[in-house]
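Q: Following this line is coords_12.cif, made up of mmCIF, C-alpha atoms and all ligand atoms:
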data_upload
loop_
_atom_site.label_atom_id
_atom_site.label_comp_id
_atom_site.auth_asym_id
_atom_site.auth_seq_id
_atom_site.Cartn_x
_atom_site.Cartn_y
_atom_site.Cartn_z
CA MET B 3 90.31 126.81 75.49
CA PRO B 4 89.50 128.47 78.83
CA LYS B 5 87.15 125.62 79.76
CA LEU B 6 89.94 123.06 79.73
CA GLU B 7 92.13 125.36 81.78
CA ASN B 8 89.33 125.82 84.34
CA ASN B 9 88.71 122.08 84.46
CA ILE B 10 92.37 121.38 85.20
CA THR B 11 92.36 123.99 87.98
CA THR B 12 89.16 122.56 89.47
CA LEU B 13 90.48 119.00 89.35
CA LYS B 14 93.75 119.98 91.00
CA MET B 15 91.74 121.66 93.75
CA ARG B 16 89.54 118.58 94.18
CA ILE B 17 92.62 116.37 94.44
CA ALA B 18 94.30 118.77 96.88
CA SER B 19 91.29 118.99 99.17
CA ALA B 20 90.73 115.22 99.09
CA CYS B 21 94.39 114.80 100.07
CA LEU B 22 94.05 117.35 102.83
CA ALA B 23 90.95 115.60 104.20
CA ALA B 24 92.82 112.28 104.15
CA GLY B 25 95.96 113.74 105.72
CA ARG B 26 98.02 113.09 102.59
CA ASP B 27 100.48 115.24 100.64
CA SER B 28 98.77 116.83 97.65
CA ASP B 29 101.58 115.69 95.36
CA SER B 30 100.99 112.03 96.31
CA VAL B 31 98.19 111.78 93.72
CA GLN B 32 98.76 112.12 89.99
CA LEU B 33 96.16 113.31 87.52
CA LEU B 34 95.99 110.99 84.50
CA ALA B 35 94.18 112.62 81.56
CA VAL B 36 92.02 109.93 79.99
CA SER B 37 92.16 110.99 76.36
CA LYS B 38 90.17 108.24 74.60
CA THR B 39 87.97 109.69 71.81
CA ARG B 40 89.61 113.14 72.16
CA ASN B 41 91.38 114.54 69.12
CA THR B 42 95.04 115.49 68.98
CA ASP B 43 94.30 119.24 69.03
CA THR B 44 92.59 118.79 72.38
CA LEU B 45 95.52 116.74 73.67
CA LYS B 46 97.99 119.39 72.48
CA ARG B 47 96.07 122.03 74.43
CA ALA B 48 96.14 119.85 77.54
CA TYR B 49 99.87 119.41 77.00
CA GLU B 50 100.37 123.17 76.67
CA LEU B 51 98.49 123.59 79.96
CA GLY B 52 101.07 121.34 81.60
CA LEU B 53 99.61 117.82 81.49
CA ARG B 54 102.12 115.07 80.65
CA GLN B 55 100.32 111.84 81.65
CA PHE B 56 97.70 110.61 79.17
CA GLY B 57 95.62 107.43 79.26
CA GLU B 58 94.37 105.63 76.15
CA ASN B 59 91.98 102.65 75.96
CA TYR B 60 92.31 101.56 72.34
CA ALA B 61 95.61 100.69 70.68
CA SER B 62 94.34 101.52 67.18
CA GLU B 63 93.35 105.00 68.34
CA ALA B 64 96.64 105.50 70.17
CA GLN B 65 98.52 104.51 66.98
CA GLN B 66 96.98 107.54 65.25
CA LYS B 67 97.71 109.97 68.05
CA ILE B 68 101.05 109.13 69.67
CA PRO B 69 103.30 109.79 66.63
CA ILE B 70 102.08 113.39 66.23
CA LEU B 71 102.19 114.41 69.89
CA PRO B 72 105.20 115.61 71.95
CA LYS B 73 107.74 112.94 72.82
CA ASP B 74 107.87 113.74 76.53
CA ILE B 75 104.28 112.62 77.13
CA GLN B 76 104.00 109.50 79.29
CA TRP B 77 101.35 107.22 77.81
CA HIS B 78 99.33 104.89 80.03
CA PHE B 79 97.42 102.00 78.46
CA ILE B 80 94.18 101.54 80.43
CA GLY B 81 91.92 99.40 78.18
CA PRO B 82 91.54 95.72 77.32
CA ILE B 83 94.67 94.38 75.59
CA GLN B 84 94.51 92.23 72.46
CA SER B 85 97.49 89.99 71.68
CA ASN B 86 98.07 91.57 68.29
CA LYS B 87 98.51 95.02 69.90
CA THR B 88 101.12 94.12 72.51
CA ARG B 89 104.10 95.11 70.36
CA PHE B 90 102.77 98.61 69.82
CA ILE B 91 102.01 98.96 73.52
CA ALA B 92 105.42 97.60 74.54
CA GLU B 93 107.17 100.07 72.24
CA ASN B 94 105.14 103.22 72.92
CA PHE B 95 103.74 103.22 76.44
CA THR B 96 105.34 103.96 79.81
CA TRP B 97 102.59 102.36 81.90
CA VAL B 98 100.03 99.58 81.47
CA HIS B 99 97.15 99.55 83.98
CA SER B 100 95.00 96.76 82.58
CA LEU B 101 97.01 93.55 82.88
CA ASP B 102 94.92 90.50 83.70
CA ARG B 103 96.33 87.64 81.59
CA GLU B 104 99.57 85.68 81.74
CA LYS B 105 99.96 85.53 77.97
CA ILE B 106 99.78 89.32 77.62
CA ILE B 107 102.32 89.79 80.41
CA GLN B 108 104.73 87.43 78.66
CA ARG B 109 104.30 89.10 75.29
CA LEU B 110 104.88 92.59 76.72
CA ASN B 111 108.05 91.38 78.44
CA ASP B 112 109.29 89.78 75.21
CA GLN B 113 108.46 92.83 73.10
CA ARG B 114 109.62 95.66 75.36
CA PRO B 115 112.70 97.10 73.60
CA ALA B 116 115.94 96.67 75.55
CA SER B 117 116.74 100.33 74.80
CA GLN B 118 113.81 101.47 76.95
CA PRO B 119 113.31 101.34 80.72
CA PRO B 120 111.07 98.54 81.97
CA LEU B 121 107.35 98.93 81.34
CA GLN B 122 105.56 100.05 84.53
CA CYS B 123 102.83 97.47 85.18
CA LEU B 124 99.59 97.36 87.16
CA LEU B 125 97.27 94.40 87.56
CA GLN B 126 93.60 95.13 86.98
CA ILE B 127 91.46 93.77 89.83
CA ASN B 128 87.76 92.99 89.39
CA ILE B 129 87.18 94.39 92.84
CA SER B 130 83.37 94.37 92.80
CA ASN B 131 83.35 90.79 91.46
CA GLU B 132 81.22 91.60 88.42
CA ALA B 133 80.56 88.82 85.91
CA GLN B 134 81.32 90.76 82.72
CA LYS B 135 84.12 92.91 84.03
CA ALA B 136 87.77 92.73 83.02
CA GLY B 137 90.34 92.07 85.71
CA ILE B 138 91.37 89.23 87.97
CA SER B 139 90.02 88.28 91.36
CA PRO B 140 92.10 89.39 94.37
CA GLU B 141 93.06 85.74 95.06
CA ASN B 142 94.84 85.53 91.70
CA ALA B 143 96.82 88.74 92.18
CA PRO B 144 99.90 87.28 93.95
CA ARG B 145 100.61 84.75 91.20
CA LEU B 146 100.44 87.28 88.35
CA ALA B 147 102.27 89.90 90.44
CA GLN B 148 105.11 87.41 90.89
CA LEU B 149 105.16 86.70 87.16
CA ILE B 150 105.51 90.43 86.39
CA ALA B 151 108.13 90.88 89.11
CA ASN B 152 110.16 88.03 87.58
CA SER B 153 110.03 89.59 84.08
CA PRO B 154 113.21 91.59 83.37
CA ASN B 155 111.56 94.11 81.06
CA LEU B 156 108.57 94.79 83.33
CA ASN B 157 108.29 96.45 86.74
CA PHE B 158 105.42 95.45 89.00
CA ARG B 159 104.14 98.73 90.49
CA GLY B 160 100.64 97.98 91.81
CA LEU B 161 96.94 97.71 91.06
CA MET B 162 94.12 99.28 89.08
CA ALA B 163 90.36 98.92 89.48
CA ILE B 164 87.11 100.18 88.02
CA PRO B 165 84.55 99.48 90.80
CA ALA B 166 80.91 98.76 90.02
CA ILE B 167 78.56 101.72 90.03
CA PRO B 168 77.71 101.53 93.71
CA GLU B 169 74.34 101.35 95.43
CA ASP B 170 75.79 103.69 98.00
CA LYS B 171 79.03 105.51 98.76
CA GLN B 172 79.72 103.05 101.57
CA ALA B 173 79.96 100.08 99.17
CA LEU B 174 82.25 102.10 96.91
CA GLN B 175 84.49 103.07 99.80
CA GLU B 176 84.73 99.41 100.83
CA ASP B 177 85.86 98.41 97.34
CA PHE B 178 88.57 101.07 97.39
CA VAL B 179 89.75 100.07 100.85
CA ARG B 180 89.96 96.40 99.77
CA MET B 181 92.23 97.53 96.93
CA ALA B 182 94.50 99.37 99.36
CA THR B 183 94.67 96.30 101.61
CA LEU B 184 95.55 94.05 98.68
CA LEU B 185 98.27 96.48 97.56
CA GLU B 186 99.84 96.31 101.03
CA GLN B 187 99.89 92.51 100.84
CA LEU B 188 101.65 92.59 97.46
CA LYS B 189 104.48 94.80 98.72
CA SER B 190 106.25 91.66 99.92
CA ILE B 191 106.52 90.51 96.28
CA ASP B 192 108.34 93.59 94.96
CA THR B 193 109.79 96.62 96.75
CA ARG B 194 108.74 98.86 93.85
CA VAL B 195 105.03 98.43 94.61
CA ASP B 196 103.62 101.90 95.33
CA THR B 197 100.79 102.60 92.89
CA LEU B 198 97.01 102.42 93.16
CA SER B 199 95.19 103.53 90.01
CA MET B 200 91.61 104.19 91.08
CA GLY B 201 89.12 107.00 91.03
CA MET B 202 87.44 108.60 88.02
CA SER B 203 85.43 111.80 87.53
CA GLN B 204 82.58 110.67 89.81
CA ASP B 205 84.53 109.12 92.65
CA LEU B 206 88.01 110.60 92.87
CA GLU B 207 87.42 111.86 96.45
CA GLU B 208 86.53 108.37 97.76
CA ALA B 209 89.49 106.87 95.90
CA VAL B 210 91.98 109.40 97.27
CA ASN B 211 90.57 108.87 100.75
CA ALA B 212 91.37 105.16 100.44
CA GLY B 213 94.91 105.71 99.14
CA SER B 214 94.72 106.13 95.35
CA THR B 215 97.93 107.47 93.78
CA ILE B 216 96.66 107.91 90.19
CA VAL B 217 93.17 109.21 89.40
CA ARG B 218 92.01 108.62 85.82
CA ILE B 219 89.89 111.52 84.64
CA GLY B 220 88.09 111.91 81.30
CA THR B 221 84.71 113.59 81.58
CA ASP B 222 85.51 116.24 84.19
CA LEU B 223 88.61 117.24 82.25
CA PHE B 224 87.54 117.22 78.60
CA GLY B 225 83.72 117.21 78.92
CA ALA B 226 81.18 114.49 78.15
CA ARG B 227 82.23 111.98 75.51
CA THR B 228 79.71 112.47 72.69
CA ALA B 229 80.70 110.15 69.87
CA ASN B 230 82.88 107.08 69.87
CA THR B 231 85.31 108.70 67.47
CA THR B 232 88.69 110.34 67.51
CA ALA B 233 87.49 113.26 65.36
C1 LIG B 301 86.99 106.19 80.33
C2 LIG B 301 87.79 105.73 81.47
C3 LIG B 301 88.09 106.57 82.54
C4 LIG B 301 87.59 108.00 82.66
O1 LIG B 301 86.28 108.02 83.10
P1 LIG B 301 85.51 109.41 83.34
O2 LIG B 301 84.31 108.98 84.11
O3 LIG B 301 85.18 109.95 81.99
O4 LIG B 301 86.39 110.30 84.11
C5 LIG B 301 88.90 106.06 83.55
N1 LIG B 301 89.38 104.80 83.51
C6 LIG B 301 89.11 103.96 82.50
C7 LIG B 301 89.68 102.59 82.51
C8 LIG B 301 88.30 104.39 81.46
O5 LIG B 301 88.02 103.53 80.45
#
Turn this file's structure into structure tokens for me.

A:
Amino acid sequence: MPKLENNITTLKMRIASACLAAGRDSDSVQLLAVSKTRNTDTLKRAYELGLRQFGENYASEAQQKIPILPKDIQWHFIGPIQSNKTRFIAENFTWVHSLDREKIIQRLNDQRPASQPPLQCLLQINISNEAQKAGISPENAPRLAQLIANSPNLNFRGLMAIPAIPEDKQALQEDFVRMATLLEQLKSIDTRVDTLSMGMSQDLEEAVNAGSTIVRIGTDLFGARTANTTA
């Protein structure tokens, strides 16, 4: 699949030049392959081309895919979390980006197997203050961050956001900078805090400029998502 190979090369170049422009090391930003709706053959090809970090939005879809893919993949859960899916997430994922409820945090802590390292946790922030959007307001972040930090089977690592589609690049940049400021404030809660998950296909440059450490890329890696199916 030469297209996928080219896309990975292009994305690595985009990340490297955004880092250069921001005066950052190019290895300070990780590429997370957002694999929702992509089939396991596509994921295997991405794996063979060297990718190891994959992001899934739907637990039921991940349940089909994870068992038949290589064991050294690190899975990141990036979608809304239903209570009845927390056990699967706790047992199969390395990272969760989309925490925004106390009950889910408690369940993940209870269900994370003792044989595994702590689950790496990010709070999702509704940074553009949109009515229908998942995520907590910045004011609520310290309380939930403390709850995660106090949970023995969870590590509090930082924040994730999906900003509103901006009227202009300036508004977008401001959202990203507010995320970076909030992350700095939360470092007093846990010394492990070091992760900002922000930036997608359309806005990875702005996100890296503001301090993103994980960019979540679907479209510019695998192509446009056509159907809402795993086939
Ligand atoms: C789908 C999705 C992405 C990837 O978006 P693209 O625009 O396809 O790169 C990133 N983050 C989340 C939370 C998503 O749901």

Q: Can you pull out every residue with an atom within 9 Å of ligand LIG 301 (chain B)? Use only C-alpha atoms and all ligand atoms and format it as a ChimeraX atom specification.

A: /B:34-38,57-59,79-82,99-100,162-164,199-206,217-227

Q: So which residues are close to (98.0, 97.2, 91.4), meaning at most 10 Å away in the file's coordinates with only C-alpha atoms counted, and can you show them as an mmCIF file with C-alpha atoms, in the coordinates of the input?

A:
data_model
loop_
_atom_site.group_PDB
_atom_site.id
_atom_site.type_symbol
_atom_site.label_atom_id
_atom_site.label_comp_id
_atom_site.auth_asym_id
_atom_site.auth_seq_id
_atom_site.Cartn_x
_atom_site.Cartn_y
_atom_site.Cartn_z
ATOM 1 C CA HIS B 99 97.150 99.550 83.980
ATOM 2 C CA SER B 100 95.000 96.760 82.580
ATOM 3 C CA LEU B 101 97.010 93.550 82.880
ATOM 4 C CA CYS B 123 102.830 97.470 85.180
ATOM 5 C CA LEU B 124 99.590 97.360 87.160
ATOM 6 C CA LEU B 125 97.270 94.400 87.560
ATOM 7 C CA GLN B 126 93.600 95.130 86.980
ATOM 8 C CA ILE B 127 91.460 93.770 89.830
ATOM 9 C CA ALA B 143 96.820 88.740 92.180
ATOM 10 C CA ALA B 147 102.270 89.900 90.440
ATOM 11 C CA PHE B 158 105.420 95.450 89.000
ATOM 12 C CA ARG B 159 104.140 98.730 90.490
ATOM 13 C CA GLY B 160 100.640 97.980 91.810
ATOM 14 C CA LEU B 161 96.940 97.710 91.060
ATOM 15 C CA MET B 162 94.120 99.280 89.080
ATOM 16 C CA ALA B 163 90.360 98.920 89.480
ATOM 17 C CA MET B 181 92.230 97.530 96.930
ATOM 18 C CA ALA B 182 94.500 99.370 99.360
ATOM 19 C CA LEU B 184 95.550 94.050 98.680
ATOM 20 C CA LEU B 185 98.270 96.480 97.560
ATOM 21 C CA GLU B 186 99.840 96.310 101.030
ATOM 22 C CA LEU B 188 101.650 92.590 97.460
ATOM 23 C CA VAL B 195 105.030 98.430 94.610
ATOM 24 C CA ASP B 196 103.620 101.900 95.330
ATOM 25 C CA THR B 197 100.790 102.600 92.890
ATOM 26 C CA LEU B 198 97.010 102.420 93.160
ATOM 27 C CA SER B 199 95.190 103.530 90.010
ATOM 28 C CA MET B 200 91.610 104.190 91.080
#

Q: Might you pull out every residue within 9 Å of Ala212 in chain B, with all atoms listed in the file counted and same-chain residues fewer than 5 positions away left off, and present them as JSON, numbers by chain?

A: {"B": [24, 175, 176, 178, 179, 180, 181, 182, 207]}

Q: Output C-alpha atoms of each residue in that selection to a file, as a compact mmCIF listing (two decimals), in the coordinates of the input.

A:
# COMPACT_ATOMS: atom_id res chain seq x y z
CA ALA B 24 92.82 112.28 104.15
CA GLN B 175 84.49 103.07 99.80
CA GLU B 176 84.73 99.41 100.83
CA PHE B 178 88.57 101.07 97.39
CA VAL B 179 89.75 100.07 100.85
CA ARG B 180 89.96 96.40 99.77
CA MET B 181 92.23 97.53 96.93
CA ALA B 182 94.50 99.37 99.36
CA GLU B 207 87.42 111.86 96.45

Q: Nearest to Leu71 in chain B among B:Asp29, B:Glu141, B:Asp192, B:Asp43, with distances taken over only C-alpha atoms: which residue is it?

A: B:Asp43

Q: Hey, what's within 10 Å of Pro115 in chain B if we count only C-alpha atoms and toss same-chain stuff fewer than 3 positions away? As a ChimeraX atom specification, please?

A: /B:89,92-94,110-112,118-121,155

Q: If you keep C-alpha atoms, can you produce a file of those selected residues as a compact mmCIF listing (two decimals), in the frame of the given file?

A:
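Wrote out_35.txt, looks like this:
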# COMPACT_ATOMS: atom_id res chain seq x y z
CA ARG B 89 104.10 95.11 70.36
CA ALA B 92 105.42 97.60 74.54
CA GLU B 93 107.17 100.07 72.24
CA ASN B 94 105.14 103.22 72.92
CA LEU B 110 104.88 92.59 76.72
CA ASN B 111 108.05 91.38 78.44
CA ASP B 112 109.29 89.78 75.21
CA GLN B 118 113.81 101.47 76.95
CA PRO B 119 113.31 101.34 80.72
CA PRO B 120 111.07 98.54 81.97
CA LEU B 121 107.35 98.93 81.34
CA ASN B 155 111.56 94.11 81.06

Q: What separation in Å, quoted to one decimal, exists between CA of Asp74 in chain B and CA of Phe90 in chain B?

A: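 We find that CA of Asp74 in chain B and CA of Phe90 in chain B lie 17.3 Å from each other.
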
Q: Looking at all atoms listed in the file, which of B:Ala20, B:Ala133, B:Val98, B:Ile107 is the one that sits closest to Ser153 in chain B?

A: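 Smallest separation from Ser153 in chain B among the options: B:Ile107.
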
Q: I'd like the interatomic distance between CA of Lys5 in chain B and CA of Trp77 in chain B, to a tenth of an Å.

A: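 Interatomic distance, CA of Lys5 in chain B to CA of Trp77 in chain B: 23.3 Å.
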
Q: What is the CA of Asn128 in chain B to CA of Pro165 in chain B distance in Å?

A: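 Distance reported for this atom pair: 7.4 Å.
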
Q: For Ser139 in chain B, which residue out of B:Phe95, B:Gly52, B:Leu6, B:Arg103 is the nearest one, using all atoms listed in the file?

A: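 When distances to Ser139 in chain B are compared using all atoms listed in the file, the smallest one comes from B:Arg103.
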
Q: Select, from B:Ile167, B:Val31, B:Ala136, B:Leu53, the residue with the minimum atom-to-atom distance to Ile83 in chain B, counting all atoms listed in the file.

A: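 Residue with the minimum atom-to-atom distance to Ile83 in chain B: B:Ala136.
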
Q: For each of B:Ala151, B:Ile75, B:Leu13, B:Ile216, take the minimum atom-to-atom distance to Thr96 in chain B, counting all atoms listed in the file, then give the residue where this is smallest.

A: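 Looking at the shortest contact to Thr96 in chain B, the residue is B:Ile75.
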
Q: Using all atoms listed in the file, list the residues that have an atom at most 9 Å from (100.4, 112.4, 98.5), coordinates as in the file, as number ranges by chain.

A: B: 18, 21, 25-32, 213, 215
